[in-house]
Structure formats: structure tokens, C-alpha cells
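Chemist: The file below is data.cif, mmCIF, C-alpha atoms:
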```
data_structure
loop_
_atom_site.label_atom_id
_atom_site.label_comp_id
_atom_site.auth_asym_id
_atom_site.auth_seq_id
_atom_site.Cartn_x
_atom_site.Cartn_y
_atom_site.Cartn_z
CA MET A 19 118.09 -103.31 -109.00
CA SER A 20 121.30 -101.29 -108.73
CA ASP A 21 121.34 -97.59 -109.70
CA GLN A 22 124.77 -98.04 -111.26
CA PRO A 23 125.08 -97.72 -115.07
CA ARG A 24 123.90 -100.86 -116.78
CA HIS A 25 126.67 -102.60 -118.74
CA ALA A 26 126.63 -106.12 -120.17
CA PRO A 27 129.37 -108.40 -118.78
CA ALA A 28 131.76 -110.57 -120.76
CA PRO A 29 132.01 -113.28 -121.93
CA MET A 30 129.06 -113.10 -124.26
CA PRO A 31 126.22 -115.53 -123.43
CA THR A 32 125.60 -118.29 -125.96
CA ALA A 33 122.60 -120.32 -127.08
CA ALA A 34 123.73 -123.18 -124.83
CA ALA A 35 122.36 -123.52 -121.29
CA ASP A 36 124.57 -125.25 -118.72
CA GLY A 37 122.94 -124.40 -115.40
CA SER A 38 125.19 -121.46 -114.64
CA GLU A 39 122.34 -119.10 -115.55
CA ALA A 40 121.11 -119.11 -111.95
CA SER A 41 124.39 -118.14 -110.33
CA ASP A 42 124.24 -114.41 -111.09
CA ILE A 43 120.61 -113.75 -110.17
CA PRO A 44 120.29 -111.40 -107.18
CA ILE A 45 119.31 -113.44 -104.14
CA GLY A 46 116.28 -111.30 -103.43
CA LEU A 47 114.88 -111.92 -106.94
CA PHE A 48 115.52 -115.63 -107.23
CA ARG A 49 112.05 -116.70 -106.08
CA ASP A 50 110.37 -114.26 -108.48
CA CYS A 51 112.56 -115.47 -111.37
CA VAL A 52 111.57 -119.07 -110.67
CA ALA A 53 107.94 -117.94 -110.57
CA LEU A 54 108.37 -116.42 -114.02
CA ARG A 55 109.81 -119.66 -115.38
CA ASP A 56 106.93 -121.58 -113.81
CA TRP A 57 104.45 -119.18 -115.44
CA LEU A 58 106.06 -119.76 -118.84
CA LEU A 59 105.81 -123.53 -118.44
CA SER A 60 102.26 -123.57 -117.15
CA GLU A 61 99.88 -120.72 -117.93
CA GLY A 62 102.07 -119.18 -120.63
CA ALA A 63 102.39 -122.46 -122.52
CA ARG A 64 98.60 -122.79 -122.66
CA LEU A 65 97.71 -119.27 -123.79
CA PRO A 66 95.67 -119.38 -127.00
CA GLU A 67 97.83 -116.78 -128.80
CA SER A 68 101.63 -116.69 -128.92
CA GLY A 69 101.47 -112.91 -128.79
CA ASP A 70 99.90 -113.19 -125.35
CA LEU A 71 102.87 -115.27 -124.22
CA LEU A 72 105.28 -112.58 -125.43
CA ALA A 73 103.30 -109.77 -123.79
CA GLY A 74 102.91 -111.66 -120.51
CA MET A 75 106.63 -112.39 -120.35
CA ALA A 76 107.58 -108.76 -121.10
CA GLU A 77 105.22 -107.42 -118.47
CA ARG A 78 106.58 -109.85 -115.85
CA LEU A 79 110.16 -108.93 -116.73
CA ASN A 80 109.33 -105.29 -116.16
CA ALA A 81 107.81 -106.21 -112.80
CA LEU A 82 111.19 -107.76 -111.93
CA GLY A 83 112.93 -104.50 -112.83
CA VAL A 84 114.22 -105.52 -116.27
CA PRO A 85 113.46 -102.43 -118.40
CA VAL A 86 111.99 -104.11 -121.49
CA ASP A 87 110.24 -101.63 -123.79
CA ARG A 88 110.21 -103.84 -126.88
CA ALA A 89 110.34 -107.62 -127.33
CA THR A 90 110.06 -109.68 -130.49
CA THR A 91 110.23 -113.31 -131.57
CA ALA A 92 111.05 -114.78 -134.96
CA ILE A 93 109.82 -118.35 -135.39
CA ASP A 94 110.36 -120.67 -138.34
CA ALA A 95 107.06 -122.00 -139.71
CA LEU A 96 106.16 -125.09 -141.70
CA HIS A 97 103.41 -123.40 -143.66
CA SER A 98 102.37 -123.44 -147.30
CA ASP A 99 101.91 -119.65 -147.44
CA TYR A 100 104.80 -118.28 -145.37
CA SER A 101 108.19 -119.31 -144.00
CA GLY A 102 108.06 -117.71 -140.59
CA VAL A 103 106.15 -115.55 -138.10
CA GLY A 104 107.43 -112.44 -136.37
CA ARG A 105 105.66 -111.28 -133.22
CA PHE A 106 106.21 -107.85 -131.70
CA TRP A 107 105.39 -106.35 -128.33
CA THR A 108 106.02 -102.73 -127.38
CA ARG A 109 105.10 -100.97 -124.19
CA GLU A 110 102.97 -98.42 -126.03
CA ASP A 111 101.33 -100.51 -128.78
CA GLY A 112 101.00 -103.99 -127.33
CA VAL A 113 101.20 -107.03 -129.61
CA SER A 114 101.33 -107.27 -133.39
CA PHE A 115 102.63 -109.87 -135.82
CA ARG A 116 104.08 -110.20 -139.31
CA LEU A 117 104.24 -113.16 -141.69
CA PHE A 118 107.47 -113.71 -143.62
CA PRO A 119 106.73 -114.96 -147.15
CA HIS A 120 108.67 -117.72 -148.85
CA GLY A 121 111.31 -116.53 -151.29
CA GLU A 122 114.34 -114.42 -151.91
CA ALA A 123 113.03 -111.22 -150.33
CA THR A 124 112.78 -112.88 -146.91
CA GLU A 125 116.23 -114.46 -147.30
CA GLN A 126 117.74 -111.09 -148.15
CA ALA A 127 116.04 -109.42 -145.18
CA LEU A 128 117.38 -112.16 -142.89
CA ALA A 129 120.91 -111.70 -144.24
CA ARG A 130 120.82 -108.02 -143.22
CA SER A 131 119.38 -108.68 -139.77
CA PRO A 132 120.96 -109.41 -136.37
CA PHE A 133 119.44 -112.89 -136.54
CA ALA A 134 121.84 -113.93 -139.31
CA HIS A 135 124.73 -112.89 -137.05
CA VAL A 136 123.58 -114.80 -133.97
CA TYR A 137 122.68 -117.88 -136.02
CA ALA A 138 126.24 -117.93 -137.35
CA THR A 139 127.99 -117.30 -134.01
CA GLY A 140 125.60 -119.05 -131.61
CA GLU A 141 126.16 -116.10 -129.24
CA TRP A 142 123.85 -113.41 -127.95
CA LEU A 143 124.28 -110.05 -129.64
CA ILE A 144 124.21 -107.15 -127.17
CA LEU A 145 124.39 -103.67 -128.68
CA ASP A 146 124.65 -100.24 -127.11
CA LEU A 147 122.79 -98.46 -129.88
CA ARG A 148 124.47 -95.15 -129.11
CA ASP A 149 127.75 -96.69 -130.18
CA THR A 150 126.39 -98.80 -133.06
CA PRO A 151 126.74 -97.52 -136.66
CA ASP A 152 123.49 -97.24 -138.58
CA ASP A 153 124.75 -99.57 -141.28
CA ARG A 154 125.63 -102.41 -138.88
CA PHE A 155 122.18 -103.99 -139.39
CA SER A 156 119.14 -102.81 -141.33
CA ILE A 157 117.04 -102.43 -138.17
CA ILE A 158 119.46 -100.14 -136.32
CA PRO A 159 118.15 -96.80 -137.71
CA GLU A 160 114.58 -97.82 -136.88
CA LEU A 161 115.52 -98.68 -133.29
CA LYS A 162 117.41 -95.42 -132.83
CA THR A 163 114.56 -93.36 -134.27
CA ALA A 164 112.18 -95.01 -131.79
CA GLY A 165 114.47 -93.96 -128.91
CA TYR A 166 115.90 -97.34 -127.91
CA THR A 167 119.32 -97.36 -126.28
CA HIS A 168 120.17 -101.04 -125.83
CA TYR A 169 119.27 -104.07 -127.96
CA ILE A 170 119.73 -107.80 -127.39
CA THR A 171 119.28 -110.57 -129.96
CA VAL A 172 119.22 -114.16 -128.70
CA PRO A 173 119.46 -117.23 -130.97
CA LEU A 174 117.11 -120.11 -130.19
CA PHE A 175 117.94 -123.44 -131.83
CA PHE A 176 115.06 -125.88 -131.56
CA THR A 177 115.57 -129.63 -131.36
CA ASN A 178 114.08 -130.09 -134.85
CA GLY A 179 116.96 -128.07 -136.30
CA THR A 180 115.10 -124.83 -136.99
CA ARG A 181 116.65 -121.45 -136.22
CA ASN A 182 114.58 -119.00 -134.21
CA GLY A 183 115.16 -116.03 -131.98
CA VAL A 184 114.00 -113.47 -129.46
CA THR A 185 115.01 -109.83 -129.02
CA PHE A 186 114.75 -107.32 -126.19
CA ALA A 187 115.17 -103.54 -126.39
CA THR A 188 115.03 -100.74 -123.83
CA ARG A 189 114.86 -96.95 -123.81
CA ASP A 190 116.44 -96.78 -120.35
CA PRO A 191 119.51 -94.50 -120.59
CA ARG A 192 121.49 -97.07 -118.59
CA GLY A 193 120.58 -99.91 -120.97
CA PHE A 194 120.46 -103.50 -119.73
CA GLY A 195 122.75 -104.18 -116.81
CA HIS A 196 124.37 -107.21 -115.19
CA ASP A 197 121.28 -108.14 -113.16
CA ASP A 198 118.99 -107.72 -116.15
CA LEU A 199 121.15 -109.94 -118.29
CA ALA A 200 121.33 -112.57 -115.54
CA ILE A 201 117.54 -112.69 -115.35
CA LEU A 202 117.20 -112.94 -119.12
CA ARG A 203 119.77 -115.76 -119.26
CA PHE A 204 117.82 -117.58 -116.54
CA ILE A 205 114.45 -117.44 -118.32
CA VAL A 206 115.46 -117.79 -122.00
CA PRO A 207 116.05 -121.60 -121.94
CA THR A 208 112.54 -122.06 -120.54
CA LEU A 209 111.11 -119.59 -123.02
CA SER A 210 112.81 -121.50 -125.83
CA ALA A 211 111.33 -124.82 -124.68
CA VAL A 212 107.83 -123.35 -124.44
CA MET A 213 108.12 -121.69 -127.83
CA GLU A 214 109.26 -124.98 -129.37
CA MET A 215 106.32 -126.86 -127.85
CA ARG A 216 103.89 -124.28 -129.16
CA GLY A 217 105.61 -124.20 -132.53
CA LEU A 218 105.50 -127.96 -132.94
CA ASN A 219 101.81 -128.01 -132.04
CA ALA A 220 101.15 -125.28 -134.60
CA ARG A 221 103.08 -127.20 -137.26
CA LEU A 222 101.16 -130.38 -136.57
CA ASP A 223 97.86 -128.52 -136.61
CA HIS A 224 98.64 -126.81 -139.92
CA VAL A 225 100.04 -129.86 -141.71
CA LEU A 226 97.07 -132.02 -140.73
CA ARG A 227 94.64 -129.27 -141.75
CA VAL A 228 96.38 -128.91 -145.14
CA TYR A 229 96.47 -132.60 -145.96
CA VAL A 230 93.25 -134.04 -144.51
CA GLY A 231 90.94 -131.03 -144.12
CA ASP A 232 89.54 -129.11 -141.19
CA GLY A 233 87.07 -131.61 -139.74
CA PRO A 234 89.30 -134.70 -140.10
CA HIS A 235 92.31 -132.88 -138.68
CA GLN A 236 90.36 -132.01 -135.56
CA ALA A 237 89.24 -135.62 -135.24
CA ILE A 238 92.80 -136.93 -135.59
CA LEU A 239 94.14 -134.52 -132.96
CA ALA A 240 91.30 -135.59 -130.66
CA GLY A 241 92.53 -139.19 -130.87
CA PHE A 242 90.44 -140.51 -133.76
CA ILE A 243 93.32 -142.64 -135.12
CA ARG A 244 92.39 -146.29 -134.58
CA ARG A 245 91.99 -148.37 -137.69
CA GLY A 246 88.34 -149.02 -138.41
CA GLN A 247 86.97 -145.94 -136.63
CA VAL A 248 84.33 -144.27 -138.78
CA GLU A 249 82.42 -141.00 -138.40
CA ARG A 250 79.20 -140.44 -140.32
CA ILE A 251 78.23 -136.94 -141.42
CA ARG A 252 74.92 -135.81 -142.88
CA SER A 253 75.85 -133.30 -145.52
CA ALA A 254 75.58 -131.93 -149.00
CA ILE A 255 78.30 -133.62 -151.07
CA LEU A 256 80.13 -131.92 -153.93
CA PHE A 257 82.22 -133.89 -156.41
CA ALA A 258 84.11 -132.09 -159.19
CA ASP A 259 86.49 -133.25 -161.86
CA MET A 260 88.13 -131.95 -165.01
CA ARG A 261 87.04 -133.36 -168.32
CA GLY A 262 89.78 -134.88 -170.48
CA TYR A 263 92.53 -134.34 -167.94
CA THR A 264 94.66 -137.24 -169.19
CA HIS A 265 94.54 -135.94 -172.76
CA LEU A 266 95.17 -132.34 -171.64
CA THR A 267 98.29 -133.24 -169.69
CA ASP A 268 99.71 -135.78 -172.14
CA ALA A 269 101.99 -133.16 -173.70
CA LEU A 270 102.71 -131.22 -170.49
CA THR A 271 105.73 -131.54 -168.25
CA PRO A 272 105.07 -132.68 -164.67
CA GLU A 273 105.70 -129.11 -163.49
CA ALA A 274 103.20 -127.69 -165.99
CA SER A 275 100.66 -130.35 -165.01
CA VAL A 276 100.99 -129.37 -161.35
CA GLU A 277 100.58 -125.70 -162.26
CA LEU A 278 97.43 -126.56 -164.24
CA LEU A 279 95.95 -128.43 -161.28
CA ASN A 280 96.83 -125.65 -158.83
CA THR A 281 95.19 -123.01 -161.05
CA TYR A 282 92.16 -125.27 -161.44
CA PHE A 283 91.81 -125.90 -157.71
CA ASP A 284 92.25 -122.16 -157.06
CA CYS A 285 89.00 -121.74 -158.97
CA LEU A 286 87.16 -124.39 -156.94
CA VAL A 287 88.36 -124.27 -153.36
CA PRO A 288 87.82 -120.60 -152.33
CA PRO A 289 84.09 -120.68 -153.22
CA ILE A 290 83.69 -123.96 -151.35
CA GLU A 291 85.35 -122.62 -148.22
CA SER A 292 83.54 -119.27 -148.39
CA GLU A 293 80.22 -121.17 -148.30
CA GLY A 294 81.28 -123.20 -145.27
CA GLY A 295 82.34 -126.33 -147.15
CA GLU A 296 85.27 -128.59 -146.36
CA VAL A 297 87.52 -130.11 -149.00
CA LEU A 298 88.09 -133.67 -147.81
CA LYS A 299 89.98 -135.19 -150.73
CA TYR A 300 91.94 -134.30 -153.84
CA MET A 301 91.92 -137.25 -156.25
CA GLY A 302 94.12 -136.34 -159.21
CA ASP A 303 91.94 -133.86 -161.08
CA GLY A 304 88.99 -134.65 -158.80
CA LEU A 305 87.82 -132.96 -155.64
CA LEU A 306 85.42 -134.11 -152.92
CA ALA A 307 83.90 -131.61 -150.51
CA ILE A 308 81.10 -131.66 -147.97
CA PHE A 309 78.81 -129.02 -146.52
CA ARG A 310 77.71 -130.21 -143.09
CA GLU A 311 74.14 -130.00 -141.96
CA SER A 312 73.53 -128.06 -138.80
CA GLY A 313 71.18 -129.51 -136.23
CA ASP A 314 68.22 -127.52 -137.55
CA ASP A 315 69.32 -127.44 -141.20
CA LEU A 316 66.49 -126.34 -143.54
CA GLY A 317 68.43 -126.45 -146.78
CA GLY A 318 71.36 -124.24 -145.85
CA ALA A 319 73.95 -126.92 -146.59
CA ALA A 320 72.47 -127.69 -150.02
CA GLN A 321 72.10 -124.02 -150.91
CA GLY A 322 75.69 -123.38 -149.85
CA ALA A 323 76.92 -126.26 -152.00
CA LEU A 324 74.97 -125.01 -155.01
CA SER A 325 76.25 -121.45 -154.56
CA ALA A 326 79.82 -122.74 -154.28
CA ALA A 327 79.46 -124.90 -157.40
CA GLN A 328 78.06 -122.03 -159.48
CA ALA A 329 80.79 -119.67 -158.28
CA ALA A 330 83.46 -122.28 -159.11
CA LEU A 331 82.11 -122.65 -162.65
CA ARG A 332 82.19 -118.87 -163.11
CA ARG A 333 85.78 -118.73 -161.88
CA VAL A 334 86.85 -121.50 -164.26
CA GLU A 335 85.24 -119.66 -167.17
CA GLU A 336 86.96 -116.41 -166.15
CA ALA A 337 90.30 -118.26 -166.00
CA ASN A 338 89.63 -119.69 -169.46
CA ARG A 339 88.95 -116.24 -170.89
CA ALA A 340 92.06 -114.87 -169.22
CA GLY A 341 94.22 -117.62 -170.76
CA ARG A 342 95.36 -118.95 -167.39
CA PHE A 343 95.23 -122.56 -168.58
CA PRO A 344 97.43 -124.07 -171.32
CA THR A 345 94.22 -124.78 -173.22
CA ARG A 346 90.55 -124.31 -172.50
CA ILE A 347 89.27 -126.68 -169.81
CA GLU A 348 85.81 -127.95 -168.99
CA ILE A 349 84.72 -129.30 -165.64
CA GLY A 350 81.80 -131.24 -164.26
CA ILE A 351 80.32 -130.79 -160.79
CA ALA A 352 77.87 -133.17 -159.15
CA LEU A 353 75.82 -132.38 -156.05
CA HIS A 354 74.19 -134.98 -153.83
CA HIS A 355 72.82 -135.04 -150.31
CA GLY A 356 73.34 -137.91 -147.93
CA GLU A 357 75.82 -139.41 -145.55
CA ALA A 358 79.57 -139.14 -145.93
CA ALA A 359 81.62 -141.44 -143.76
CA TYR A 360 85.29 -140.91 -143.09
CA GLY A 361 87.68 -142.96 -141.07
CA ASN A 362 90.97 -144.80 -140.87
CA VAL A 363 91.74 -147.56 -143.35
CA GLY A 364 95.02 -149.29 -144.09
CA SER A 365 97.37 -151.84 -142.62
CA GLY A 366 99.75 -151.80 -139.70
CA ALA A 367 101.10 -148.37 -138.86
CA ARG A 368 100.31 -146.94 -142.32
CA LEU A 369 96.75 -145.61 -142.40
CA ASP A 370 94.86 -143.24 -144.61
CA PHE A 371 92.10 -140.95 -143.46
CA THR A 372 89.64 -141.48 -146.30
CA VAL A 373 86.03 -140.82 -147.24
CA ILE A 374 83.74 -143.71 -148.03
CA GLY A 375 80.06 -144.64 -148.28
CA ARG A 376 77.25 -145.19 -150.75
CA ASP A 377 76.41 -141.51 -151.02
CA VAL A 378 80.01 -140.56 -151.76
CA ASN A 379 80.10 -143.23 -154.46
CA LEU A 380 76.80 -141.94 -155.86
CA ALA A 381 78.17 -138.39 -156.12
CA SER A 382 81.23 -139.58 -158.03
CA ARG A 383 79.05 -141.66 -160.41
CA LEU A 384 76.75 -138.69 -160.91
CA ALA A 385 79.77 -136.62 -161.99
CA LYS A 386 80.36 -139.06 -164.86
CA LEU A 387 77.01 -137.99 -166.32
CA ASN A 388 78.17 -134.38 -166.72
CA LYS A 389 79.87 -135.21 -170.01
CA VAL A 390 77.13 -137.59 -171.18
CA LEU A 391 74.43 -134.96 -170.66
CA SER A 392 76.67 -132.02 -171.67
CA GLU A 393 75.86 -130.29 -168.41
CA PRO A 394 78.49 -128.68 -166.17
CA LEU A 395 76.37 -128.98 -163.02
CA LEU A 396 74.11 -131.87 -162.07
CA MET A 397 72.08 -132.51 -158.93
CA SER A 398 70.48 -135.65 -157.53
CA LYS A 399 66.88 -135.94 -156.34
CA PRO A 400 67.97 -136.22 -152.66
CA PHE A 401 69.90 -132.98 -153.13
CA VAL A 402 67.14 -130.93 -154.77
CA ASP A 403 64.74 -132.04 -152.03
CA PHE A 404 66.66 -129.62 -149.80
CA LEU A 405 66.74 -126.71 -152.25
CA TRP A 406 64.65 -123.60 -151.99
CA GLY A 407 64.59 -122.97 -155.76
CA ASP A 408 62.92 -124.72 -158.71
CA PRO A 409 65.47 -126.95 -160.49
CA GLU A 410 64.86 -128.47 -163.91
CA LEU A 411 64.41 -132.25 -164.23
CA LEU A 412 66.59 -133.97 -166.85
CA GLY A 413 64.95 -137.36 -166.46
CA THR A 414 66.01 -140.50 -164.64
CA HIS A 415 69.35 -142.07 -165.45
CA PRO A 416 71.30 -145.19 -164.46
CA LEU A 417 74.48 -144.69 -162.43
CA ASP A 418 77.37 -147.15 -162.56
CA GLY A 419 77.27 -149.50 -159.58
CA ILE A 420 73.95 -148.10 -158.28
CA ALA A 421 71.00 -150.47 -158.47
CA GLU A 422 68.20 -147.99 -159.04
CA GLU A 423 68.03 -145.16 -161.57
CA MET A 424 68.24 -141.64 -160.18
CA ALA A 425 66.26 -138.54 -161.07
CA ILE A 426 68.81 -135.95 -162.23
CA TYR A 427 68.38 -132.16 -162.24
CA ARG A 428 70.15 -129.02 -163.32
CA PRO A 429 69.65 -125.54 -161.84
CA GLY A 430 66.52 -123.79 -163.09
CA LYS A 431 66.78 -120.73 -165.28
CA GLY A 432 66.50 -118.47 -162.29
CA GLY A 433 68.81 -120.58 -160.11
#
```
Would you encode the structure as C-alpha cells?
Modeler:
Amino acid sequence: MSDQPRHAPAPMPTAAADGSEASDIPIGLFRDCVALRDWLLSEGARLPESGDLLAGMAERLNALGVPVDRATTAIDALHSDYSGVGRFWTREDGVSFRLFPHGEATEQALARSPFAHVYATGEWLILDLRDTPDDRFSIIPELKTAGYTHYITVPLFFTNGTRNGVTFATRDPRGFGHDDLAILRFIVPTLSAVMEMRGLNARLDHVLRVYVGDGPHQAILAGFIRRGQVERIRSAILFADMRGYTHLTDALTPEASVELLNTYFDCLVPPIESEGGEVLKYMGDGLLAIFRESGDDLGGAAQGALSAAQAALRRVEEANRAGRFPTRIEIGIALHHGEAAYGNVGSGARLDFTVIGRDVNLASRLAKLNKVLSEPLLMSKPFVDFLWGDPELLGTHPLDGIAEEMAIYRPGKGG
């Protein structure tokens, strides 16, 4: 690298890549720059954490003589809990990340940031911080306080239309020079492509996990997508539904009905997941979850399902007392042990990943007895056979569509 003061050349680089990026790279560094691009496309693309990709790139840029002391990425996310992810690497602290929540606060923060500027112009933003007023962008005072002298913000527009970006900052008194900028221009298109690939994979992973559950989403990504494929799982099966849901929601707006269901499921799902269960299906006001047996299961799955069911009932009662529902609600939970089968059913290219099987049907029929017996929690004989406690027998009862009557239990007084 030259010892001359580092100054960025004009015209300003843009988000577009036209092949001219290679023309300004110093001849002696060309092979190493290509090696960095190859690393991004191969090893970097496969790193388990995106923060490792950012750190590896920054460290390799420094090895090339580009004085990067801070690098960040801002990536749009298709996630139910947040709108984007910010990752940060600094020479002294390594990698950290921040989630940007949905809503006005994030939009306002974006409007005051350099990213809003580069998204609007499509050009890189290159700032000599010593000549940049503190009120230019909200981050400027923070960068100056940390001792940075030069700051670059690069817009990245992915093919799916999302707006993303990467930044570089240095404390070098000379800032980023012509050679540094040439190297960055050379690697950024490759970085953008790798980030988009990783981002799309993360989106697919999250959306499948949200809509079909953890186990099924892994099966789908592994290629379990042919119609008629079925996987059988030995498990404790939990079926829950809300009593009188149709009557409760008759006078509610659709928005209020959705809010009711979300509050209701917020009472059920966290206990299920904390006990190792998987929610496989939402069916209106109903929920189907399984607790998988391990290879040497000695009742752990059944005990986890029972603990989750009892915790869910407590949470519903607490929500009732707190007035979180439009009116008091009652729920019924049924627990069974057997085989859940899930697989692809449908026609043509439109399939549904659904849960089927006699034991699933039995659990749903058992739930209909909750109201008949005025019991919030019922368990089948195959389920209590796996329990460690001493449940109370409520007699044998017929179940719709099931040939034989079933012995039905509720938790014992100490359970």
C-alpha cells in the first residue's frame, strides 16, 4: 500500500457492478483479492454464523492492507419478531449483533441513518469524519467518540427487492485510500451475493419453522416433499381447544378474534416448548403438539406433556384473572400416548404437511370429553401407563369413531 494520504476518488461508486471493479486493484494484490472473493463464495458462505463471515472478511481485508477497524451489516429479515438484523465487528470486541424490532421506532432510526441516504441515491457514502458535522447522521458522534476517522456505507440491493447494507470504518489517520476503495469495490459484489444466499436460506428456514413446526421443517428442507411420504413418531400427544369459541367470537370483529386467539396461544405454546414439545398444527382454536420419545424414554415425554398442560392451564387462569380476554374462557386439554404420523397430502403441486393417524384422532376425540366430564385435563390409559405419578381413574368412556371404550384419567391430587 502507498504511504501517501488516503483519499477516496471520484466519481462515487454505486450499488451497480459492471466489471470495472478489477481495473484499479494494484497488480501485486490481484491474486490475493481473488482469493478473498473465493473464500467468500466457498468457506465464508458455509460458515454457521453470519457474524463469522463478517469477522473473517474484515480480518482478510486487514491482511491485504485495508485498515478496517469496524465493519457492520444491516440485513432485512422476514421474521415474525423483528424486521432486520444488524451485525457488528470491531477489532477490539469481535462480533456482536442487534435485532431491529418491527414498528415506528426502527423506521425513525433508519431515517436518521446513512443507510436511508444510500438507499435513496444508490451510491456509496464515503465520509471523512473529521470534516463531517455531528448532526449529519445520528451515528456520527458515536463514531467520532470511538476515534474513527473515515466511514463508508455501501447499499446492497438483493434480487428479492430488499434493501441491505454494509459499512466499513477505520481509525487510520489517512482514512481509506484509492487502493483500499478499489479492493472494497472488487469484493462487495461477491459479499452481496453471499449475504443474499445466506439471507434467503435463513428466511426459508424461519418461515418453514413458523408454519409447520421444528421437526417437519427439518424434514422438508431435507427433501421430505413427495406426496404420500409419511413419518411415524412415537410420542406423547397433546390436543387442546377452547370451549365455546364460536359463541365467544360471534360478537367480535375479525381483528379482536385474532387477538383473542393469539393471547390464548401465548398461554399454551411457551409451556409446550419449554418442556421439549413441538406444536405441529393450529386448527382454529385447537392446537396439536407432540413430545417425542427418546430412544430410552422411561416416561420423560409423558411427564413433559403433563407438566406443559398443567402450566398452560395455570397461564390461562392467570390471563382470565388479569382480564386479558374479552370474557372468561375455558379450555380442555387431552393427553394420549401413541404414534403420530405426518406427511404430505394434497393434489398436484399444492400439498399440505399434515398430521394423521389413529392416535391423533383419539387425542382429538378425548378432548371432546373435557366438557362432558367437566374436567380441564384428561389423560388416556396409554398415556398414564408412562407416568410416574398416581392419576385418578374417571371410568371408561366411548370416544366418537373409536371402536372400543377407553379408560380415562385425570391427574391425582398430588399430580
Chemist: Do you know which residues are at most 12 Å from A:Met215 counting all atoms listed in the file, after dropping those on the same chain fewer than 2 positions away, and could you put them as a ChimeraX atom specification?
Modeler: /A:58-60,62-64,68,93,176-178,208-213,217-222
Chemist: May I ask which of the residues A:Ala381, A:Leu395, A:Leu412, A:Ala319 is the closest one to A:Leu305, counting all atoms listed in the file?
Modeler: A:Ala381
Chemist: Evaluating the PyMOL selection byres ((chain A and resi 155-170) around 6) on the displayed file yields which residues, as an mmCIF file with C-alpha atoms, in the frame of the given file?
Modeler:
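out-v5.cif written:
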```cif
data_model
loop_
_atom_site.group_PDB
_atom_site.id
_atom_site.type_symbol
_atom_site.label_atom_id
_atom_site.label_comp_id
_atom_site.auth_asym_id
_atom_site.auth_seq_id
_atom_site.Cartn_x
_atom_site.Cartn_y
_atom_site.Cartn_z
ATOM 1 C CA ARG A 130 120.820 -108.020 -143.220
ATOM 2 C CA SER A 131 119.380 -108.680 -139.770
ATOM 3 C CA LEU A 143 124.280 -110.050 -129.640
ATOM 4 C CA ILE A 144 124.210 -107.150 -127.170
ATOM 5 C CA LEU A 145 124.390 -103.670 -128.680
ATOM 6 C CA ASP A 146 124.650 -100.240 -127.110
ATOM 7 C CA LEU A 147 122.790 -98.460 -129.880
ATOM 8 C CA ASP A 152 123.490 -97.240 -138.580
ATOM 9 C CA ASP A 153 124.750 -99.570 -141.280
ATOM 10 C CA ARG A 154 125.630 -102.410 -138.880
ATOM 11 C CA THR A 171 119.280 -110.570 -129.960
ATOM 12 C CA THR A 185 115.010 -109.830 -129.020
ATOM 13 C CA PHE A 186 114.750 -107.320 -126.190
ATOM 14 C CA ALA A 187 115.170 -103.540 -126.390
ATOM 15 C CA THR A 188 115.030 -100.740 -123.830
ATOM 16 C CA ARG A 189 114.860 -96.950 -123.810
ATOM 17 C CA GLY A 193 120.580 -99.910 -120.970
#
```
Chemist: Could you tell me which of A:Val136, A:Ala200, A:Leu174, A:Ala129 comes closest to A:Phe48 if we count all atoms listed in the file?
Modeler: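 Of all the options, A:Ala200 lies closest to A:Phe48.
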Chemist: Give me, as a ChimeraX atom specification, all polymer residues having an atom no more than 10 Å from stretch 287-299 of chain A, counting only C-alpha atoms and skipping those fewer than 5 positions away in the same chain.
Modeler: /A:227-234,253-257,282,304-310,318-319,321-331,333,360,371-373
Chemist: So that I can check the surroundings of stretch 271-277 of chain A, please list as a PDB file with C-alpha atoms, in the coordinates of the input every protein, DNA and RNA residue that reaches within 9 Å of it, counting all atoms listed in the file and ignoring chain neighbours fewer than 5 positions away.
Modeler:
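This is the output file result.pdb:
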```
ATOM      1  CA  LEU A 266      95.170-132.340-171.640  1.00  0.00           C
ATOM      2  CA  TYR A 282      92.160-125.270-161.440  1.00  0.00           C
ATOM      3  CA  PHE A 343      95.230-122.560-168.580  1.00  0.00           C
ATOM      4  CA  PRO A 344      97.430-124.070-171.320  1.00  0.00           C
TER       5      PRO A 344
END
```
Chemist: Which residues, written as a list in words, have at least one atom at most 7 Å from stretch 260-265 of chain A, with only C-alpha atoms counted and residues fewer than 2 positions away on the same chain left out?
Modeler: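 My list of contacting residues is Thr267, Asp268, Asp303, Gly304, Glu348, Ile349 and Gly350 of chain A.
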Chemist: Any idea what's packed within 12 Å of A:Leu117, counting all atoms listed in the file, ignoring anything in its chain fewer than 2 positions away? Could you give it as a PyMOL selection string?
Modeler: chain A and resi 91-95+97-106+114-115+119-120+124
Chemist: Selection in question (the file shown): the PyMOL selection byres ((chain A and resi 140) around 8). Which residues does it include, as a list of chain:residue names?
Modeler: A:Thr32, A:Ala33, A:Val136, A:Tyr137, A:Ala138, A:Thr139, A:Glu141, A:Trp142, A:Pro173
Chemist: Emit the selected residues as a PDB file, in the frame of the given file, including C-alpha atoms.
Modeler:
```pdb
ATOM      1  CA  THR A  32     125.600-118.290-125.960  1.00  0.00           C
ATOM      2  CA  ALA A  33     122.600-120.320-127.080  1.00  0.00           C
ATOM      3  CA  VAL A 136     123.580-114.800-133.970  1.00  0.00           C
ATOM      4  CA  TYR A 137     122.680-117.880-136.020  1.00  0.00           C
ATOM      5  CA  ALA A 138     126.240-117.930-137.350  1.00  0.00           C
ATOM      6  CA  THR A 139     127.990-117.300-134.010  1.00  0.00           C
ATOM      7  CA  GLU A 141     126.160-116.100-129.240  1.00  0.00           C
ATOM      8  CA  TRP A 142     123.850-113.410-127.950  1.00  0.00           C
ATOM      9  CA  PRO A 173     119.460-117.230-130.970  1.00  0.00           C
TER      10      PRO A 173
END
```
Chemist: How far is it from atom CA of A:Met30 to atom CA of A:Cys51, in Å with one decimal?
Modeler: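 Distance reported for this atom pair: 21.1 Å.
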